[in-house]
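What follows is one structure encoded as structure tokens, with my remarks underneath.
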Amino acid sequence: MGLEGYVLPGGSVMNCSYHTDREAIGMCVSCGKPICSGCKVSLANKFHCNPCAEKLIASSAAAPVAEPNTSRQGKSAVVPKEIRGWNWGGFFFTWIWGIGNRSWLAVIFGIISAVFAVVADEYKADSWISLTFTVMTSAVIGIQGNQWAWQNKKWSDVTHFKRTQKRWAIAGLILFIIFFVL
Ligand SMILES: [Zn+2]
Ligand SMILES: [Zn+2]
């Protein structure tokens, strides 16, 4: 009976589950088996037996790895599927949104649309022509906006992207309501 021996509440000494000739010095925190000093594996300051330690390491290695951040990698960047879809901020703010999101195509479309509106007005064209053109260019930005913004600007992650685009959308909606009321 060594001093290090794992003493059961009853006072008896237990041997290692893996080495019946060696005295246990403690219990594995995972499975509760008594283990000797040669068997113990220390993980995060807790003792485990070898099989349990291996299982823990394997499960932590199998844990899902975060998707790589592909933002601001240009045209070839894979856009995460979570952010695919319509962009209201781009639709409402066009070139302003484009500058804020480094999406230069949105800036170009927005400016073309504005120039067209001015020209149409100059030539006293029916207002619906100008309106249709504005809505069409805005729609292009609405459809493509998320992809452009992701590929051209650095975002810390998808959550960051979504949060920012939501703010643009809310601001756009407020602007639209004010415009509509006036
Ligand atoms: Zn164990
Ligand atoms: Zn052992």
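Residue names in the structure tokens use chain letters A, B, ... in the order shown, residue numbers from 1 in each chain, and ligand numbers from 1 in the order shown.
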Item to check | Long-range neighbours of stretch 148-163 of chain A as number ranges by chain, 8 Å cut-off, only C-alpha atoms, 2 positions minimum in chain | outcome: A: 69-77, 79-80, 82-83, 101-103, 144-146, 165-167
Writing out the chosen residues with N, CA and C atoms as a PDB file, in the first residue's frame:
ATOM      1  N   ASN A  69     -12.861  33.273 -44.039  1.00  0.00           N
ATOM      2  CA  ASN A  69     -13.422  34.569 -44.421  1.00  0.00           C
ATOM      3  C   ASN A  69     -12.911  34.941 -45.816  1.00  0.00           C
ATOM      4  N   THR A  70     -13.814  34.929 -46.787  1.00  0.00           N
ATOM      5  CA  THR A  70     -13.419  35.192 -48.174  1.00  0.00           C
ATOM      6  C   THR A  70     -13.700  36.628 -48.599  1.00  0.00           C
ATOM      7  N   SER A  71     -14.132  37.479 -47.644  1.00  0.00           N
ATOM      8  CA  SER A  71     -14.487  38.845 -48.044  1.00  0.00           C
ATOM      9  C   SER A  71     -13.268  39.609 -48.546  1.00  0.00           C
ATOM     10  N   ARG A  72     -13.522  40.551 -49.424  1.00  0.00           N
ATOM     11  CA  ARG A  72     -12.510  41.393 -50.069  1.00  0.00           C
ATOM     12  C   ARG A  72     -11.452  40.597 -50.818  1.00  0.00           C
ATOM     13  N   GLN A  73     -11.881  39.529 -51.452  1.00  0.00           N
ATOM     14  CA  GLN A  73     -10.940  38.750 -52.253  1.00  0.00           C
ATOM     15  C   GLN A  73     -11.286  38.872 -53.731  1.00  0.00           C
ATOM     16  N   GLY A  74     -12.096  39.845 -54.038  1.00  0.00           N
ATOM     17  CA  GLY A  74     -12.416  40.111 -55.436  1.00  0.00           C
ATOM     18  C   GLY A  74     -13.424  39.154 -56.044  1.00  0.00           C
ATOM     19  N   LYS A  75     -13.486  39.185 -57.360  1.00  0.00           N
ATOM     20  CA  LYS A  75     -14.487  38.455 -58.132  1.00  0.00           C
ATOM     21  C   LYS A  75     -14.500  36.950 -57.895  1.00  0.00           C
ATOM     22  N   SER A  76     -13.332  36.394 -57.561  1.00  0.00           N
ATOM     23  CA  SER A  76     -13.256  34.943 -57.401  1.00  0.00           C
ATOM     24  C   SER A  76     -13.752  34.492 -56.025  1.00  0.00           C
ATOM     25  N   ALA A  77     -13.957  35.458 -55.118  1.00  0.00           N
ATOM     26  CA  ALA A  77     -14.350  35.105 -53.756  1.00  0.00           C
ATOM     27  C   ALA A  77     -15.699  34.396 -53.732  1.00  0.00           C
ATOM     28  N   VAL A  79     -19.064  33.680 -52.194  1.00  0.00           N
ATOM     29  CA  VAL A  79     -19.949  34.416 -51.293  1.00  0.00           C
ATOM     30  C   VAL A  79     -20.686  33.409 -50.407  1.00  0.00           C
ATOM     31  N   PRO A  80     -20.576  33.549 -49.078  1.00  0.00           N
ATOM     32  CA  PRO A  80     -21.274  32.595 -48.202  1.00  0.00           C
ATOM     33  C   PRO A  80     -22.769  32.585 -48.481  1.00  0.00           C
ATOM     34  N   GLU A  82     -25.236  32.275 -46.664  1.00  0.00           N
ATOM     35  CA  GLU A  82     -26.076  32.995 -45.691  1.00  0.00           C
ATOM     36  C   GLU A  82     -26.364  34.427 -46.123  1.00  0.00           C
ATOM     37  N   ILE A  83     -25.486  35.003 -46.924  1.00  0.00           N
ATOM     38  CA  ILE A  83     -25.679  36.408 -47.268  1.00  0.00           C
ATOM     39  C   ILE A  83     -26.149  36.609 -48.704  1.00  0.00           C
ATOM     40  N   ASN A 101     -19.885  50.742 -49.348  1.00  0.00           N
ATOM     41  CA  ASN A 101     -19.583  49.313 -49.391  1.00  0.00           C
ATOM     42  C   ASN A 101     -18.543  48.951 -50.450  1.00  0.00           C
ATOM     43  N   ARG A 102     -17.831  49.955 -50.916  1.00  0.00           N
ATOM     44  CA  ARG A 102     -16.766  49.767 -51.898  1.00  0.00           C
ATOM     45  C   ARG A 102     -17.233  49.005 -53.141  1.00  0.00           C
ATOM     46  N   SER A 103     -18.517  49.162 -53.460  1.00  0.00           N
ATOM     47  CA  SER A 103     -19.064  48.462 -54.623  1.00  0.00           C
ATOM     48  C   SER A 103     -19.187  49.455 -55.768  1.00  0.00           C
ATOM     49  N   GLN A 144     -27.487  42.285 -56.943  1.00  0.00           N
ATOM     50  CA  GLN A 144     -26.053  42.018 -56.927  1.00  0.00           C
ATOM     51  C   GLN A 144     -25.328  42.560 -55.693  1.00  0.00           C
ATOM     52  N   GLY A 145     -25.985  43.477 -54.979  1.00  0.00           N
ATOM     53  CA  GLY A 145     -25.346  44.204 -53.876  1.00  0.00           C
ATOM     54  C   GLY A 145     -24.577  43.359 -52.877  1.00  0.00           C
ATOM     55  N   ASN A 146     -25.224  42.324 -52.347  1.00  0.00           N
ATOM     56  CA  ASN A 146     -24.557  41.504 -51.330  1.00  0.00           C
ATOM     57  C   ASN A 146     -23.272  40.888 -51.857  1.00  0.00           C
ATOM     58  N   GLN A 165     -25.564  45.522 -43.245  1.00  0.00           N
ATOM     59  CA  GLN A 165     -26.540  45.619 -44.338  1.00  0.00           C
ATOM     60  C   GLN A 165     -27.939  45.856 -43.807  1.00  0.00           C
ATOM     61  N   LYS A 166     -28.211  45.339 -42.606  1.00  0.00           N
ATOM     62  CA  LYS A 166     -29.522  45.544 -41.987  1.00  0.00           C
ATOM     63  C   LYS A 166     -29.692  47.030 -41.669  1.00  0.00           C
ATOM     64  N   ARG A 167     -28.610  47.664 -41.181  1.00  0.00           N
ATOM     65  CA  ARG A 167     -28.665  49.098 -40.869  1.00  0.00           C
ATOM     66  C   ARG A 167     -28.944  49.908 -42.129  1.00  0.00           C
TER      67      ARG A 167
END
Next on the checklist: 9 Å from ligand 2 is the threshold here; counting only C-alpha atoms and all ligand atoms, which polymer residues fall inside it? Answer as number ranges by chain.
Outcome noted: A: 15-24, 34-40, 49
Item to check | Exercise answer, 7 Å around ligand 1 with only C-alpha atoms and all ligand atoms, as a ChimeraX atom specification | outcome: /A:28-33,48-52
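Between A:Ile143 and the candidates A:Lys46, A:Lys124, A:Lys55, A:Arg84, the tightest atom-to-atom separation, counting only C-alpha atoms, involves A:Arg84.
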Next on the checklist: Excluding A:Gly172 and its own-chain neighbours fewer than 6 positions away, which residues fall within 9 Å of it when counting only C-alpha atoms? Please give them as a list in words.
Outcome noted: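 Using only C-alpha atoms, the neighbours found are Trp88, Gly89, Gly90, Phe91, Phe92 and Phe93 of chain A.
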Item to check | Pairwise distance for atom CA of A:Ser130 and atom CA of A:Gln147, rounded to one decimal in Å | outcome: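 Interatomic distance, atom CA of A:Ser130 to atom CA of A:Gln147: 26.5 Å.
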Item to check | A:Leu43 environment, 10 Å, only C-alpha atoms, sequence neighbours closer than 6 positions dropped, as JSON, numbers by chain | outcome: {"A": [53, 56, 57]}
Same residues, N, CA and C atoms, saved as a short mmCIF file (atom, residue, chain, number, x, y, z; two decimals), in the first residue's frame:
data_model
loop_
_atom_site.label_atom_id
_atom_site.label_comp_id
_atom_site.auth_asym_id
_atom_site.auth_seq_id
_atom_site.Cartn_x
_atom_site.Cartn_y
_atom_site.Cartn_z
N ALA A 53 -8.92 10.45 -22.82
CA ALA A 53 -8.18 11.60 -23.33
C ALA A 53 -8.18 11.59 -24.85
N LEU A 56 -11.53 12.66 -26.17
CA LEU A 56 -11.72 14.11 -26.03
C LEU A 56 -10.97 14.88 -27.11
N ILE A 57 -9.74 14.46 -27.33
CA ILE A 57 -8.92 15.14 -28.35
C ILE A 57 -9.54 14.96 -29.73
#
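Across A:Trp86, A:Ile129, A:Ala139, A:Tyr123, the tightest approach to A:Gly110 is made by A:Ala139 when counting only C-alpha atoms.
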Item to check | Atomic separation - atom CA of A:Val181 relative to atom CA of A:Ile108, Å | outcome: 28.4 Å
Checklist entry - So which bits of stretch 29-161 of chain A end up alpha helix (DSSP H) when you DSSP the backbone, as a PyMOL selection string? => result chain A and resi 50-62+88-100+104-122+127-152+158-161
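Listed by chain and then by rising number, the residues of chain A that DSSP assigns to strand (DSSP E) from the backbone are Tyr6, Val7, Val13, Met14, Gly26, Met27, Pro34, Ile35, Val41, Ser42, Leu43, Lys46, Phe47 and His48 of chain A.
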Output file for the selection above: N, CA and C atoms, as a PDB file, in the first residue's frame:
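That gives us again-v6.pdb:
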ATOM      1  N   TYR A   6      -4.812   5.350  -4.390  1.00  0.00           N
ATOM      2  CA  TYR A   6      -6.131   5.959  -4.373  1.00  0.00           C
ATOM      3  C   TYR A   6      -6.970   5.238  -3.333  1.00  0.00           C
ATOM      4  N   VAL A   7      -7.364   5.974  -2.334  1.00  0.00           N
ATOM      5  CA  VAL A   7      -8.084   5.366  -1.210  1.00  0.00           C
ATOM      6  C   VAL A   7      -9.576   5.582  -1.389  1.00  0.00           C
ATOM      7  N   VAL A  13      -7.361   0.358  -0.832  1.00  0.00           N
ATOM      8  CA  VAL A  13      -6.591   0.901  -1.942  1.00  0.00           C
ATOM      9  C   VAL A  13      -7.012   0.198  -3.229  1.00  0.00           C
ATOM     10  N   MET A  14      -7.132   0.979  -4.313  1.00  0.00           N
ATOM     11  CA  MET A  14      -7.514   0.384  -5.588  1.00  0.00           C
ATOM     12  C   MET A  14      -6.332   0.351  -6.527  1.00  0.00           C
ATOM     13  N   GLY A  26      -5.586   8.067  -8.691  1.00  0.00           N
ATOM     14  CA  GLY A  26      -6.767   8.908  -8.829  1.00  0.00           C
ATOM     15  C   GLY A  26      -7.761   8.292  -9.780  1.00  0.00           C
ATOM     16  N   MET A  27      -8.802   9.044 -10.055  1.00  0.00           N
ATOM     17  CA  MET A  27      -9.838   8.561 -10.952  1.00  0.00           C
ATOM     18  C   MET A  27      -9.870   9.411 -12.210  1.00  0.00           C
ATOM     19  N   PRO A  34     -10.248   3.998 -11.836  1.00  0.00           N
ATOM     20  CA  PRO A  34      -9.001   4.332 -11.138  1.00  0.00           C
ATOM     21  C   PRO A  34      -7.816   4.183 -12.088  1.00  0.00           C
ATOM     22  N   ILE A  35      -6.894   5.147 -12.025  1.00  0.00           N
ATOM     23  CA  ILE A  35      -5.730   5.112 -12.926  1.00  0.00           C
ATOM     24  C   ILE A  35      -4.439   5.364 -12.152  1.00  0.00           C
ATOM     25  N   VAL A  41      -3.465  11.227 -17.937  1.00  0.00           N
ATOM     26  CA  VAL A  41      -3.210  12.255 -18.941  1.00  0.00           C
ATOM     27  C   VAL A  41      -3.859  13.528 -18.411  1.00  0.00           C
ATOM     28  N   SER A  42      -3.075  14.566 -18.334  1.00  0.00           N
ATOM     29  CA  SER A  42      -3.607  15.816 -17.810  1.00  0.00           C
ATOM     30  C   SER A  42      -4.119  16.692 -18.953  1.00  0.00           C
ATOM     31  N   LEU A  43      -5.413  16.963 -18.904  1.00  0.00           N
ATOM     32  CA  LEU A  43      -6.023  17.851 -19.915  1.00  0.00           C
ATOM     33  C   LEU A  43      -6.747  18.954 -19.156  1.00  0.00           C
ATOM     34  N   LYS A  46      -7.109  18.502 -15.528  1.00  0.00           N
ATOM     35  CA  LYS A  46      -7.913  17.388 -15.027  1.00  0.00           C
ATOM     36  C   LYS A  46      -7.316  16.091 -15.543  1.00  0.00           C
ATOM     37  N   PHE A  47      -7.365  15.069 -14.663  1.00  0.00           N
ATOM     38  CA  PHE A  47      -6.789  13.790 -15.054  1.00  0.00           C
ATOM     39  C   PHE A  47      -7.787  12.922 -15.794  1.00  0.00           C
ATOM     40  N   HIS A  48      -7.305  12.354 -16.870  1.00  0.00           N
ATOM     41  CA  HIS A  48      -8.112  11.422 -17.663  1.00  0.00           C
ATOM     42  C   HIS A  48      -7.296  10.170 -17.894  1.00  0.00           C
TER      43      HIS A  48
END
Item to check | Distance of atom CA of A:Ala58 from atom CA of A:Val78, expressed in Å to one decimal place | outcome: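 Value for the atom CA of A:Val78-atom CA of A:Ala58 distance: 29.5 Å.
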